[in-house]
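Novice: Please find structure_6.cif (mmCIF, C-alpha atoms and all ligand atoms) on the next line:
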```
data_model
#
loop_
_atom_site.label_atom_id
_atom_site.label_comp_id
_atom_site.auth_asym_id
_atom_site.auth_seq_id
_atom_site.Cartn_x
_atom_site.Cartn_y
_atom_site.Cartn_z
CA MET A 1 15.92 -50.49 5.28
CA SER A 2 16.19 -47.09 7.00
CA THR A 3 13.20 -46.09 9.14
CA LYS A 4 14.02 -42.37 8.93
CA THR A 5 10.96 -40.44 7.78
CA ILE A 6 11.16 -38.55 4.51
CA SER A 7 10.34 -34.85 4.70
CA ALA A 8 9.81 -32.12 2.12
CA ILE A 9 13.04 -30.86 0.54
CA LYS A 10 14.56 -27.72 2.08
CA GLY A 11 13.24 -24.61 0.37
CA THR A 12 10.02 -26.30 -0.80
CA LYS A 13 6.70 -26.28 0.98
CA ASP A 14 3.35 -27.97 0.94
CA ILE A 15 0.39 -25.74 0.32
CA LEU A 16 -2.26 -27.16 2.62
CA PRO A 17 -6.02 -27.04 1.95
CA GLU A 18 -6.61 -24.06 4.28
CA GLU A 19 -4.01 -22.04 2.32
CA VAL A 20 -5.06 -23.33 -1.09
CA ARG A 21 -8.38 -21.48 -0.85
CA LYS A 22 -6.47 -18.17 -0.73
CA TRP A 23 -4.22 -19.24 -3.61
CA GLN A 24 -7.28 -20.11 -5.70
CA ARG A 25 -8.97 -16.78 -4.93
CA VAL A 26 -5.87 -14.71 -5.69
CA GLU A 27 -5.08 -16.72 -8.84
CA ALA A 28 -8.65 -16.33 -10.11
CA VAL A 29 -8.68 -12.55 -9.51
CA THR A 30 -5.21 -12.22 -11.08
CA LYS A 31 -6.10 -14.18 -14.22
CA ALA A 32 -9.37 -12.29 -14.69
CA HIS A 33 -7.47 -9.02 -14.15
CA PHE A 34 -4.93 -9.79 -16.88
CA GLU A 35 -7.68 -10.88 -19.28
CA LEU A 36 -9.21 -7.39 -18.83
CA TYR A 37 -6.07 -5.97 -20.41
CA GLY A 38 -6.15 -8.47 -23.29
CA TYR A 39 -3.70 -11.09 -21.95
CA ARG A 40 -4.14 -14.78 -22.70
CA GLU A 41 -2.61 -17.72 -20.87
CA ILE A 42 0.34 -19.61 -22.34
CA ARG A 43 1.78 -22.74 -20.67
CA THR A 44 5.22 -24.10 -21.38
CA PRO A 45 7.15 -27.11 -19.98
CA VAL A 46 8.71 -27.10 -16.51
CA PHE A 47 12.12 -28.07 -17.92
CA GLU A 48 13.97 -26.74 -20.93
CA ALA A 49 17.38 -27.11 -22.58
CA THR A 50 19.97 -25.61 -20.21
CA GLU A 51 21.37 -23.35 -22.93
CA LEU A 52 18.00 -21.56 -23.15
CA PHE A 53 18.58 -19.99 -19.73
CA GLU A 54 22.35 -19.63 -20.16
CA LYS A 55 21.67 -17.58 -23.26
CA GLY A 56 18.44 -15.89 -22.17
CA THR A 57 18.81 -15.22 -18.45
CA GLY A 58 22.53 -14.57 -18.93
CA GLU A 59 25.75 -16.42 -18.18
CA THR A 60 27.00 -13.91 -15.61
CA THR A 61 23.79 -13.76 -13.55
CA ASP A 62 23.49 -15.35 -10.10
CA VAL A 63 20.53 -17.33 -11.39
CA VAL A 64 22.65 -19.11 -14.02
CA THR A 65 25.98 -19.31 -12.19
CA LYS A 66 24.65 -20.46 -8.82
CA GLU A 67 20.97 -21.23 -8.75
CA MET A 68 19.90 -23.49 -11.58
CA TYR A 69 18.57 -27.01 -11.05
CA THR A 70 20.45 -28.58 -13.93
CA PHE A 71 20.61 -32.30 -14.63
CA VAL A 72 21.53 -34.66 -17.42
CA ASP A 73 18.59 -36.80 -18.50
CA LYS A 74 18.76 -40.42 -19.61
CA GLY A 75 19.30 -39.26 -23.19
CA GLY A 76 22.48 -37.45 -22.12
CA ARG A 77 21.01 -33.98 -22.61
CA SER A 78 21.56 -31.14 -20.14
CA LEU A 79 18.19 -29.90 -18.92
CA THR A 80 17.22 -27.26 -16.39
CA LEU A 81 14.10 -26.78 -14.27
CA ARG A 82 12.98 -23.29 -15.27
CA PRO A 83 14.30 -20.62 -12.90
CA GLU A 84 12.15 -18.00 -14.64
CA TYR A 85 9.61 -17.86 -17.39
CA THR A 86 10.70 -15.18 -19.84
CA PRO A 87 13.17 -17.22 -22.00
CA SER A 88 10.61 -20.06 -22.22
CA VAL A 89 7.95 -17.77 -23.67
CA VAL A 90 10.41 -16.35 -26.18
CA ARG A 91 11.38 -19.88 -27.23
CA SER A 92 7.72 -20.87 -27.52
CA ILE A 93 6.95 -17.88 -29.76
CA MET A 94 9.81 -18.86 -32.04
CA ASP A 95 8.85 -22.57 -32.05
CA HIS A 96 5.28 -21.78 -33.07
CA SER A 97 5.92 -18.64 -35.17
CA LEU A 98 3.51 -16.78 -32.91
CA HIS A 99 5.17 -13.52 -33.97
CA LEU A 100 3.27 -13.84 -37.26
CA LYS A 101 0.05 -13.16 -35.36
CA PRO A 102 -1.09 -9.55 -34.97
CA GLN A 103 1.22 -7.67 -32.62
CA PRO A 104 1.39 -6.78 -29.79
CA MET A 105 0.86 -10.24 -28.31
CA ARG A 106 0.01 -10.36 -24.63
CA TYR A 107 0.55 -13.51 -22.56
CA TYR A 108 0.28 -14.48 -18.92
CA PHE A 109 1.23 -17.53 -16.93
CA ILE A 110 1.13 -18.88 -13.37
CA GLY A 111 3.33 -21.77 -12.28
CA PRO A 112 6.29 -23.12 -10.27
CA MET A 113 9.89 -21.93 -10.74
CA PHE A 114 13.06 -23.43 -9.30
CA ARG A 115 16.14 -21.66 -7.97
CA PHE A 116 18.82 -23.11 -5.69
CA ASP A 117 18.78 -20.00 -3.55
CA LYS A 118 19.51 -19.78 0.18
CA PRO A 119 16.08 -20.42 1.72
CA GLN A 120 14.73 -17.72 4.02
CA LYS A 121 11.48 -15.85 4.58
CA GLY A 122 10.08 -15.06 1.13
CA ARG A 123 12.78 -17.01 -0.67
CA TYR A 124 12.22 -20.62 -1.66
CA ARG A 125 13.79 -23.17 -3.95
CA GLN A 126 10.47 -24.00 -5.49
CA PHE A 127 8.30 -20.90 -5.68
CA HIS A 128 5.53 -19.71 -7.94
CA GLN A 129 5.48 -16.83 -10.33
CA VAL A 130 2.69 -15.10 -12.11
CA ASP A 131 4.25 -13.71 -15.22
CA ILE A 132 3.04 -11.45 -18.02
CA GLU A 133 4.86 -10.68 -21.27
CA VAL A 134 4.05 -8.37 -24.20
CA PHE A 135 5.74 -8.76 -27.58
CA GLY A 136 6.00 -6.39 -30.51
CA GLU A 137 5.25 -3.05 -28.85
CA LYS A 138 8.01 -0.44 -28.66
CA ASP A 139 5.86 2.44 -27.43
CA PRO A 140 6.71 3.44 -23.84
CA ALA A 141 2.95 3.64 -23.21
CA ILE A 142 2.98 -0.16 -22.90
CA ASP A 143 5.75 0.04 -20.26
CA ALA A 144 3.47 2.33 -18.26
CA GLU A 145 0.40 0.19 -18.95
CA ILE A 146 1.94 -2.92 -17.40
CA VAL A 147 3.05 -0.98 -14.31
CA GLU A 148 -0.47 0.44 -14.05
CA MET A 149 -1.91 -3.08 -14.49
CA ALA A 150 0.26 -4.39 -11.64
CA ASP A 151 -0.59 -1.43 -9.41
CA HIS A 152 -4.30 -1.85 -10.19
CA LEU A 153 -4.11 -5.57 -9.29
CA LEU A 154 -2.48 -4.80 -5.95
CA LYS A 155 -5.19 -2.25 -5.20
CA ARG A 156 -7.95 -4.68 -6.18
CA LEU A 157 -6.57 -7.16 -3.68
CA LYS A 158 -6.19 -4.45 -1.02
CA VAL A 159 -2.40 -4.65 -0.80
CA VAL A 160 -1.01 -1.59 0.98
CA ASP A 161 2.42 -0.14 1.84
CA THR A 162 3.97 -0.72 -1.57
CA GLU A 163 6.39 1.39 -3.54
CA ILE A 164 7.07 1.44 -7.28
CA LEU A 165 10.73 1.77 -8.32
CA VAL A 166 11.63 2.51 -11.93
CA ASN A 167 14.81 2.90 -13.95
CA SER A 168 16.29 2.56 -17.41
CA VAL A 169 19.31 0.34 -18.06
CA GLY A 170 19.98 1.68 -21.56
CA CYS A 171 20.64 -0.25 -24.74
CA ARG A 172 23.41 -1.58 -26.97
CA VAL A 173 24.35 2.00 -27.86
CA CYS A 174 24.68 3.60 -24.42
CA ARG A 175 25.59 0.53 -22.34
CA PRO A 176 29.16 -0.15 -23.67
CA PRO A 177 30.58 3.34 -22.92
CA TYR A 178 28.81 3.30 -19.55
CA HIS A 179 30.21 -0.19 -18.84
CA ALA A 180 33.72 1.08 -19.43
CA LYS A 181 33.20 3.89 -16.90
CA LEU A 182 31.58 1.55 -14.39
CA LYS A 183 34.40 -0.97 -14.76
CA GLN A 184 36.94 1.71 -14.08
CA ALA A 185 35.14 2.79 -10.90
CA ALA A 186 34.68 -0.83 -9.80
CA GLU A 187 38.37 -1.59 -10.39
CA GLN A 188 39.31 1.26 -8.09
CA ALA A 189 36.99 -0.11 -5.41
CA LYS A 190 37.96 -3.77 -6.02
CA GLU A 191 39.70 -4.28 -2.69
CA ASP A 192 36.56 -3.36 -0.75
CA LEU A 193 34.30 -5.68 -2.74
CA CYS A 194 33.36 -9.25 -1.82
CA GLU A 195 35.03 -12.11 -3.70
CA ASP A 196 32.00 -12.57 -5.89
CA CYS A 197 31.90 -8.90 -6.89
CA GLN A 198 35.65 -8.89 -7.55
CA ARG A 199 34.95 -11.50 -10.23
CA LYS A 200 32.07 -9.39 -11.54
CA VAL A 201 34.40 -6.41 -12.10
CA ASP A 202 35.84 -8.18 -15.13
CA LEU A 203 32.88 -10.30 -16.15
CA ASN A 204 29.97 -7.85 -15.88
CA PRO A 205 30.33 -4.93 -13.46
CA LEU A 206 26.62 -4.09 -13.74
CA ARG A 207 25.92 -7.23 -11.69
CA ILE A 208 27.73 -5.66 -8.70
CA PHE A 209 24.52 -3.65 -8.15
CA ASP A 210 22.70 -6.96 -7.45
CA CYS A 211 25.00 -7.80 -4.52
CA LYS A 212 23.36 -7.83 -1.08
CA VAL A 213 26.65 -7.60 0.89
CA ASP A 214 26.59 -4.36 2.85
CA SER A 215 30.13 -3.21 2.04
CA CYS A 216 29.55 -3.77 -1.70
CA ARG A 217 26.28 -1.84 -1.50
CA GLN A 218 28.01 1.04 0.22
CA ARG A 219 30.79 1.12 -2.37
CA ALA A 220 28.33 0.82 -5.27
CA LYS A 221 26.60 3.99 -4.08
CA ASP A 222 29.51 6.01 -5.50
CA PHE A 223 29.61 4.19 -8.85
CA PRO A 224 28.34 6.04 -11.93
CA THR A 225 24.75 5.14 -12.76
CA ILE A 226 23.39 4.14 -16.15
CA THR A 227 20.52 6.62 -15.73
CA ASP A 228 23.06 9.46 -16.10
CA HIS A 229 24.53 7.90 -19.25
CA LEU A 230 21.51 7.12 -21.41
CA CYS A 231 21.61 7.79 -25.13
CA GLU A 232 19.05 10.15 -26.62
CA GLU A 233 16.65 7.39 -27.61
CA CYS A 234 16.74 5.66 -24.21
CA LEU A 235 16.39 8.96 -22.36
CA GLY A 236 13.42 9.90 -24.54
CA HIS A 237 11.84 6.48 -23.89
CA PHE A 238 12.39 6.78 -20.14
CA LYS A 239 10.96 10.29 -19.97
CA ALA A 240 7.90 9.27 -21.98
CA PHE A 241 7.42 6.18 -19.76
CA CYS A 242 7.51 8.35 -16.62
CA GLY A 243 5.18 10.83 -18.32
CA TYR A 244 2.57 8.11 -18.90
CA LEU A 245 2.86 7.01 -15.26
CA ASP A 246 2.20 10.63 -14.29
CA LEU A 247 -0.81 10.61 -16.60
CA TYR A 248 -2.20 7.61 -14.68
CA GLY A 249 -1.48 9.42 -11.42
CA ILE A 250 0.82 6.61 -10.28
CA SER A 251 3.52 7.61 -7.82
CA TYR A 252 6.93 6.09 -8.33
CA GLU A 253 10.53 6.54 -7.34
CA ILE A 254 13.42 6.64 -9.84
CA GLU A 255 16.03 4.21 -8.52
CA PRO A 256 19.20 4.60 -10.65
CA ARG A 257 20.72 1.37 -9.26
CA LEU A 258 17.77 -0.80 -10.18
CA VAL A 259 19.53 -2.97 -12.79
CA ARG A 260 17.67 -6.19 -11.77
CA GLY A 261 19.51 -9.48 -11.56
CA LEU A 262 19.07 -10.64 -15.15
CA ASP A 263 21.20 -9.83 -18.18
CA TYR A 264 18.57 -9.29 -20.83
CA TYR A 265 17.06 -5.97 -19.84
CA THR A 266 17.16 -2.97 -22.14
CA LYS A 267 15.65 0.43 -21.34
CA THR A 268 12.85 0.19 -18.73
CA THR A 269 13.23 -1.79 -15.50
CA PHE A 270 10.89 -1.64 -12.51
CA GLU A 271 10.02 -3.32 -9.25
CA ILE A 272 7.19 -3.07 -6.75
CA ILE A 273 8.41 -3.55 -3.21
CA SER A 274 6.55 -3.86 0.08
CA SER A 275 7.67 -2.60 3.46
CA ARG A 276 5.74 -5.54 4.97
CA LEU A 277 7.99 -8.19 3.44
CA GLY A 278 11.32 -7.94 5.24
CA ALA A 279 14.65 -8.49 3.46
CA GLN A 280 13.10 -10.10 0.36
CA ASP A 281 10.89 -7.12 -0.32
CA ALA A 282 10.21 -7.34 -4.08
CA ILE A 283 6.66 -8.45 -4.80
CA LEU A 284 7.31 -8.21 -8.51
CA GLY A 285 9.94 -7.09 -10.96
CA GLY A 286 10.31 -6.74 -14.67
CA GLY A 287 11.36 -4.68 -17.63
CA ARG A 288 11.99 -4.46 -21.32
CA TYR A 289 14.13 -6.96 -23.22
CA ASP A 290 14.13 -5.81 -26.82
CA ASP A 291 17.03 -7.95 -28.02
CA MET A 292 16.32 -11.40 -26.60
CA MET A 293 14.42 -12.90 -29.50
CA LYS A 294 16.93 -11.57 -32.02
CA GLU A 295 19.80 -12.93 -29.93
CA PHE A 296 18.11 -16.34 -29.91
CA GLY A 297 18.38 -16.22 -33.72
CA GLY A 298 14.70 -15.34 -34.12
CA PRO A 299 12.89 -12.34 -35.56
CA ASP A 300 13.53 -8.83 -34.27
CA VAL A 301 10.52 -8.63 -31.94
CA CYS A 302 10.83 -6.57 -28.76
CA GLY A 303 9.46 -7.73 -25.42
CA ILE A 304 8.52 -6.41 -22.01
CA GLY A 305 7.01 -8.06 -18.94
CA PHE A 306 7.15 -8.72 -15.24
CA ALA A 307 6.92 -11.59 -12.81
CA MET A 308 5.43 -11.59 -9.36
CA GLY A 309 6.33 -14.06 -6.63
CA MET A 310 3.07 -15.67 -5.55
CA GLU A 311 4.31 -16.58 -2.05
CA ARG A 312 5.33 -12.96 -1.38
CA PHE A 313 2.19 -11.62 -3.02
CA LEU A 314 -0.04 -13.87 -0.90
CA SER A 315 1.69 -12.82 2.28
CA VAL A 316 0.69 -9.19 1.68
CA VAL A 317 -2.85 -9.84 0.39
CA PRO A 318 -5.22 -9.58 3.36
CA ASP A 319 -7.23 -12.70 4.19
CA GLU A 320 -10.88 -12.71 3.30
CA LYS A 321 -13.36 -14.65 5.39
CA THR A 322 -15.24 -16.96 3.09
CA LYS A 323 -18.01 -19.19 4.29
CA GLU A 324 -17.99 -22.73 2.99
CA ARG A 325 -21.58 -23.93 2.92
CA PHE A 326 -22.39 -27.60 2.68
CA VAL A 327 -24.92 -30.24 3.59
CA PHE A 328 -24.16 -33.13 5.95
CA ILE A 329 -26.39 -36.20 5.81
CA ALA A 330 -26.87 -38.16 9.04
CA TYR A 331 -28.80 -41.44 9.04
CA MET A 332 -29.89 -44.29 11.25
CA GLY A 333 -30.05 -47.83 9.89
CA GLU A 334 -29.39 -49.52 6.56
CA ALA A 335 -32.53 -48.31 4.75
CA ALA A 336 -31.80 -44.71 5.83
CA LYS A 337 -28.18 -45.09 4.69
CA LYS A 338 -29.37 -46.07 1.20
CA ALA A 339 -31.81 -43.14 1.09
CA GLY A 340 -28.96 -40.91 2.31
CA LEU A 341 -26.66 -42.08 -0.47
CA GLN A 342 -29.28 -41.32 -3.10
CA LEU A 343 -29.98 -37.97 -1.54
CA ALA A 344 -26.26 -37.04 -1.44
CA ARG A 345 -26.05 -37.76 -5.15
CA GLU A 346 -29.08 -35.57 -5.84
CA VAL A 347 -27.73 -32.70 -3.74
CA ARG A 348 -24.35 -32.81 -5.55
CA GLN A 349 -26.12 -32.92 -8.90
CA GLU A 350 -27.68 -29.65 -7.82
CA ASN A 351 -24.13 -28.30 -7.52
CA LEU A 352 -24.17 -28.19 -3.74
CA GLU A 353 -21.42 -29.67 -1.58
CA CYS A 354 -22.58 -32.67 0.42
CA LEU A 355 -20.93 -35.07 2.87
CA ILE A 356 -22.08 -38.40 4.19
CA GLU A 357 -19.99 -40.79 6.26
CA TYR A 358 -20.00 -44.55 6.20
CA ARG A 359 -18.68 -45.79 9.49
CA GLU A 360 -21.38 -47.20 11.78
CA LYS A 361 -22.01 -44.35 14.18
CA SER A 362 -24.74 -43.17 16.52
CA LEU A 363 -26.86 -40.21 15.44
CA LYS A 364 -25.31 -38.22 18.26
CA SER A 365 -21.77 -38.76 17.02
CA GLN A 366 -22.79 -38.00 13.41
CA LEU A 367 -24.30 -34.70 14.57
CA SER A 368 -21.23 -33.81 16.58
CA ARG A 369 -19.06 -34.58 13.53
CA ALA A 370 -21.29 -32.28 11.41
CA ASN A 371 -20.81 -29.62 14.04
CA LYS A 372 -17.05 -29.98 14.05
CA LEU A 373 -16.89 -29.77 10.27
CA ASN A 374 -19.03 -26.63 10.42
CA ALA A 375 -21.80 -27.99 8.23
CA SER A 376 -24.41 -25.42 7.26
CA TRP A 377 -27.26 -27.91 7.12
CA VAL A 378 -27.78 -31.41 8.44
CA VAL A 379 -30.36 -33.69 6.92
CA ILE A 380 -31.47 -36.37 9.38
CA ILE A 381 -32.86 -39.59 7.93
CA GLY A 382 -34.46 -42.32 10.03
CA GLU A 383 -36.95 -45.09 9.26
CA ASP A 384 -39.99 -42.75 9.31
CA GLU A 385 -38.30 -40.29 6.97
CA VAL A 386 -37.55 -43.07 4.48
CA ASN A 387 -41.14 -44.33 4.56
CA ASN A 388 -42.66 -40.84 4.13
CA ASP A 389 -39.97 -39.40 1.83
CA ARG A 390 -39.86 -36.41 4.18
CA TYR A 391 -36.70 -35.35 5.98
CA GLN A 392 -35.58 -33.48 9.05
CA LEU A 393 -33.62 -30.44 7.84
CA LYS A 394 -31.55 -28.71 10.47
CA ASP A 395 -30.20 -25.25 9.74
CA MET A 396 -27.01 -25.27 11.83
CA GLU A 397 -26.46 -21.52 11.64
CA ARG A 398 -29.92 -20.66 12.91
CA GLY A 399 -30.35 -23.75 15.06
CA GLU A 400 -33.78 -24.41 13.53
CA GLN A 401 -35.12 -27.79 12.50
CA GLU A 402 -38.15 -28.62 10.33
CA GLU A 403 -39.60 -31.53 8.45
CA VAL A 404 -39.64 -31.03 4.70
CA ALA A 405 -40.32 -33.03 1.53
CA ARG A 406 -37.28 -33.90 -0.57
CA GLU A 407 -37.84 -31.32 -3.37
CA GLU A 408 -38.71 -28.64 -0.85
CA MET A 409 -35.48 -29.34 1.03
CA ILE A 410 -33.23 -28.83 -2.00
CA ALA A 411 -35.15 -25.68 -2.98
CA LYS A 412 -34.70 -24.31 0.54
CA ILE A 413 -30.97 -24.95 0.61
CA ARG A 414 -30.55 -23.46 -2.85
CA GLN A 415 -32.45 -20.36 -1.80
CA ALA A 416 -30.33 -19.98 1.36
CA VAL A 417 -27.08 -20.32 -0.64
CA LYS A 418 -28.29 -17.71 -3.13
CA SER A 419 -29.16 -15.16 -0.49
CA GLY A 420 -25.73 -15.70 1.11
P1 LIG A 501 12.90 -11.87 -10.85
O1 LIG A 501 13.09 -10.54 -10.26
O2 LIG A 501 14.02 -12.80 -10.86
O3 LIG A 501 12.38 -11.61 -12.34
O4 LIG A 501 11.67 -12.58 -10.15
C1 LIG A 501 10.41 -11.98 -10.10
C2 LIG A 501 9.77 -12.16 -8.74
O5 LIG A 501 9.75 -13.56 -8.40
C3 LIG A 501 10.51 -11.50 -7.59
O6 LIG A 501 10.18 -10.14 -7.48
C4 LIG A 501 9.99 -12.30 -6.40
O7 LIG A 501 8.73 -11.83 -6.00
C5 LIG A 501 9.84 -13.70 -6.99
N1 LIG A 501 10.98 -14.56 -6.64
C6 LIG A 501 12.18 -14.63 -7.26
N2 LIG A 501 12.99 -15.55 -6.67
C7 LIG A 501 12.27 -16.09 -5.65
C8 LIG A 501 12.51 -17.09 -4.66
N3 LIG A 501 13.66 -17.76 -4.62
N4 LIG A 501 11.53 -17.36 -3.76
C9 LIG A 501 10.34 -16.71 -3.81
N5 LIG A 501 10.05 -15.76 -4.71
C10 LIG A 501 10.98 -15.45 -5.63
C11 LIG A 501 12.10 -12.60 -13.23
O8 LIG A 501 12.01 -13.76 -12.95
C12 LIG A 501 11.85 -12.09 -14.64
N6 LIG A 501 11.59 -13.26 -15.51
C13 LIG A 501 10.71 -11.09 -14.67
C14 LIG A 501 10.38 -10.60 -16.03
C15 LIG A 501 9.36 -11.00 -16.82
N7 LIG A 501 11.06 -9.68 -16.70
C16 LIG A 501 10.50 -9.51 -17.88
N8 LIG A 501 9.47 -10.34 -17.97
#
```
Would you mind writing the structure in this file as structure tokens?
Specialist:
Amino acid sequence: MSTKTISAIKGTKDILPEEVRKWQRVEAVTKAHFELYGYREIRTPVFEATELFEKGTGETTDVVTKEMYTFVDKGGRSLTLRPEYTPSVVRSIMDHSLHLKPQPMRYYFIGPMFRFDKPQKGRYRQFHQVDIEVFGEKDPAIDAEIVEMADHLLKRLKVVDTEILVNSVGCRVCRPPYHAKLKQAAEQAKEDLCEDCQRKVDLNPLRIFDCKVDSCRQRAKDFPTITDHLCEECLGHFKAFCGYLDLYGISYEIEPRLVRGLDYYTKTTFEIISSRLGAQDAILGGGRYDDMMKEFGGPDVCGIGFAMGMERFLSVVPDEKTKERFVFIAYMGEAAKKAGLQLAREVRQENLECLIEYREKSLKSQLSRANKLNASWVVIIGEDEVNNDRYQLKDMERGEQEEVAREEMIAKIRQAVKSG
């Protein structure tokens, strides 16, 4: 048998207890924030039928052509670990006829996603998204509301140095004539494009705008933009969307090449980027996808949403110093150990964190352990304390020690926790 140690898979990472605290704080604030706007959580499976993403995310996207974790299960079915959430929510709505509920429906979700991307700072193979989706609302006011909701969340968590980019990618009416123009321009530039983009010229020239290769980016700067080719309805929608952002006093930049890497978008697209993130600078991205449910063979219900990468989000949320306050019980002898065990139970029943250790140790080493762990209080139990049911309570922050009766001790700790 090989003795080589097994490590975490490239592109995945463990979230250790010190980091988990921040995750929990940010997740809790984020969920509560979405609930303020009427969103409710929806959870769907980690894997789905492969065709869900081929159809939903789009067959010409990088996500589908290069990045999916696809496997055949023991029943011979092709399954894929979700690379994004949007098609799963649409499927779930159709499976459960949720569209029959009053519209608009607002959902949110937090969970792991999987993409076989080239790992680098801010880009992982297993990463986490917080995702929101709204169904059944065509009014551009909702497009602005979700951008405002995202901006408000970033402000609540004191994220600075961000920029909001917005665009419209048109619809079934204005996209085909624009595509033809774009294809023509891309064909003329074909020789200067990377191999991948040369393929995209025929398959879906819009995807050339997703390319990160410098020469392709330079060439794409001269291509016609969809923003200049919107039909009347899309232009009206885009103008109204921007108007509502102005109403909220939100500053934004119109980025005519923001087509986002997924095929389903119609009309509004947007991203929030951070100058603190490096090459992978998008904290979140989203847009409208009015045709997806219909194209899945479901009802004609429009959708809009965004997803935020938790790892990137967390790296721009400032740390907050939180004090963990807990009681450590130190004892001497078997009778004191038993009293300590009972006391630990009582303290925990009072909803206070409490630690007691079982290895035979001197009082000195128990106290030094309490110190190392940063205990807020140490209760010291010896033979006398057991006999009198009175305990030595040491406040580690103040360095004070006093003898107190059991009930008095719990009341004191509770009071100290309350007053911070
Ligand atoms: P996306 O732009 O593919 O959109 O991903 C959204 C966010 O997920 C990105 O802005 C980024 O923060 C994060 N992200 C993506 N890939 C990675 C990765 N490999 N490592 C770390 N973070 C990553 C979507 O997924 C759409 N479903 C958004 C949406 C919802 N559109 C409408 N509704």
Novice: Neighbouring residues of ligand LIG 501 (chain A) are defined here as those with any atom at most 9 Å from a ligand atom, counting all atoms listed in the file; list them as JSON, numbers by chain.
Specialist: {"A": [11, 57, 63, 83, 84, 85, 86, 87, 113, 114, 115, 116, 117, 118, 119, 120, 121, 122, 123, 124, 125, 126, 127, 128, 129, 130, 131, 132, 133, 134, 260, 261, 262, 264, 265, 269, 271, 272, 273, 280, 281, 282, 283, 284, 285, 286, 287, 288, 289, 303, 304, 305, 306, 307, 308, 309, 310, 311, 312, 313]}
Novice: Write out the residues from the selection above, keeping C-alpha atoms, as a CSV table (one decimal), in the frame of the given file.
Specialist:
```csv
chain,number,residue,atom,x,y,z
A,11,GLY,CA,13.2,-24.6,0.4
A,57,THR,CA,18.8,-15.2,-18.4
A,63,VAL,CA,20.5,-17.3,-11.4
A,83,PRO,CA,14.3,-20.6,-12.9
A,84,GLU,CA,12.2,-18.0,-14.6
A,85,TYR,CA,9.6,-17.9,-17.4
A,86,THR,CA,10.7,-15.2,-19.8
A,87,PRO,CA,13.2,-17.2,-22.0
A,113,MET,CA,9.9,-21.9,-10.7
A,114,PHE,CA,13.1,-23.4,-9.3
A,115,ARG,CA,16.1,-21.7,-8.0
A,116,PHE,CA,18.8,-23.1,-5.7
A,117,ASP,CA,18.8,-20.0,-3.6
A,118,LYS,CA,19.5,-19.8,0.2
A,119,PRO,CA,16.1,-20.4,1.7
A,120,GLN,CA,14.7,-17.7,4.0
A,121,LYS,CA,11.5,-15.8,4.6
A,122,GLY,CA,10.1,-15.1,1.1
A,123,ARG,CA,12.8,-17.0,-0.7
A,124,TYR,CA,12.2,-20.6,-1.7
A,125,ARG,CA,13.8,-23.2,-4.0
A,126,GLN,CA,10.5,-24.0,-5.5
A,127,PHE,CA,8.3,-20.9,-5.7
A,128,HIS,CA,5.5,-19.7,-7.9
A,129,GLN,CA,5.5,-16.8,-10.3
A,130,VAL,CA,2.7,-15.1,-12.1
A,131,ASP,CA,4.2,-13.7,-15.2
A,132,ILE,CA,3.0,-11.4,-18.0
A,133,GLU,CA,4.9,-10.7,-21.3
A,134,VAL,CA,4.0,-8.4,-24.2
A,260,ARG,CA,17.7,-6.2,-11.8
A,261,GLY,CA,19.5,-9.5,-11.6
A,262,LEU,CA,19.1,-10.6,-15.2
A,264,TYR,CA,18.6,-9.3,-20.8
A,265,TYR,CA,17.1,-6.0,-19.8
A,269,THR,CA,13.2,-1.8,-15.5
A,271,GLU,CA,10.0,-3.3,-9.2
A,272,ILE,CA,7.2,-3.1,-6.8
A,273,ILE,CA,8.4,-3.6,-3.2
A,280,GLN,CA,13.1,-10.1,0.4
A,281,ASP,CA,10.9,-7.1,-0.3
A,282,ALA,CA,10.2,-7.3,-4.1
A,283,ILE,CA,6.7,-8.4,-4.8
A,284,LEU,CA,7.3,-8.2,-8.5
A,285,GLY,CA,9.9,-7.1,-11.0
A,286,GLY,CA,10.3,-6.7,-14.7
A,287,GLY,CA,11.4,-4.7,-17.6
A,288,ARG,CA,12.0,-4.5,-21.3
A,289,TYR,CA,14.1,-7.0,-23.2
A,303,GLY,CA,9.5,-7.7,-25.4
A,304,ILE,CA,8.5,-6.4,-22.0
A,305,GLY,CA,7.0,-8.1,-18.9
A,306,PHE,CA,7.2,-8.7,-15.2
A,307,ALA,CA,6.9,-11.6,-12.8
A,308,MET,CA,5.4,-11.6,-9.4
A,309,GLY,CA,6.3,-14.1,-6.6
A,310,MET,CA,3.1,-15.7,-5.6
A,311,GLU,CA,4.3,-16.6,-2.0
A,312,ARG,CA,5.3,-13.0,-1.4
A,313,PHE,CA,2.2,-11.6,-3.0
```
Novice: Please determine, counting all atoms listed in the file, which residue among A:Cys231, A:Pro318, A:Tyr108, A:Glu145 has the shortest atom-to-atom distance to A:Leu245.
Specialist: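 Of the candidates, the smallest distance to A:Leu245 is held by A:Glu145.
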Novice: Return the single residue from A:Ala32, A:Glu232, A:Val72, A:Thr61 that is closest to A:Ala49, with distances computed using only C-alpha atoms.
Specialist: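 Checking each candidate against A:Ala49, we get A:Val72 as the closest.
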Novice: Distance cut-off 12 Å, centre (-15.0, -17.0, 1.6) in file coordinates, counting all atoms listed in the file: which residues qualify? Return them as a CSV table (one decimal) with C-alpha atoms, keeping the file's coordinate frame.
Specialist:
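Final output, selection_17.csv:
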```
chain,number,residue,atom,x,y,z
A,18,GLU,CA,-6.6,-24.1,4.3
A,21,ARG,CA,-8.4,-21.5,-0.8
A,22,LYS,CA,-6.5,-18.2,-0.7
A,24,GLN,CA,-7.3,-20.1,-5.7
A,25,ARG,CA,-9.0,-16.8,-4.9
A,26,VAL,CA,-5.9,-14.7,-5.7
A,319,ASP,CA,-7.2,-12.7,4.2
A,320,GLU,CA,-10.9,-12.7,3.3
A,321,LYS,CA,-13.4,-14.6,5.4
A,322,THR,CA,-15.2,-17.0,3.1
A,323,LYS,CA,-18.0,-19.2,4.3
A,324,GLU,CA,-18.0,-22.7,3.0
A,325,ARG,CA,-21.6,-23.9,2.9
A,420,GLY,CA,-25.7,-15.7,1.1
```
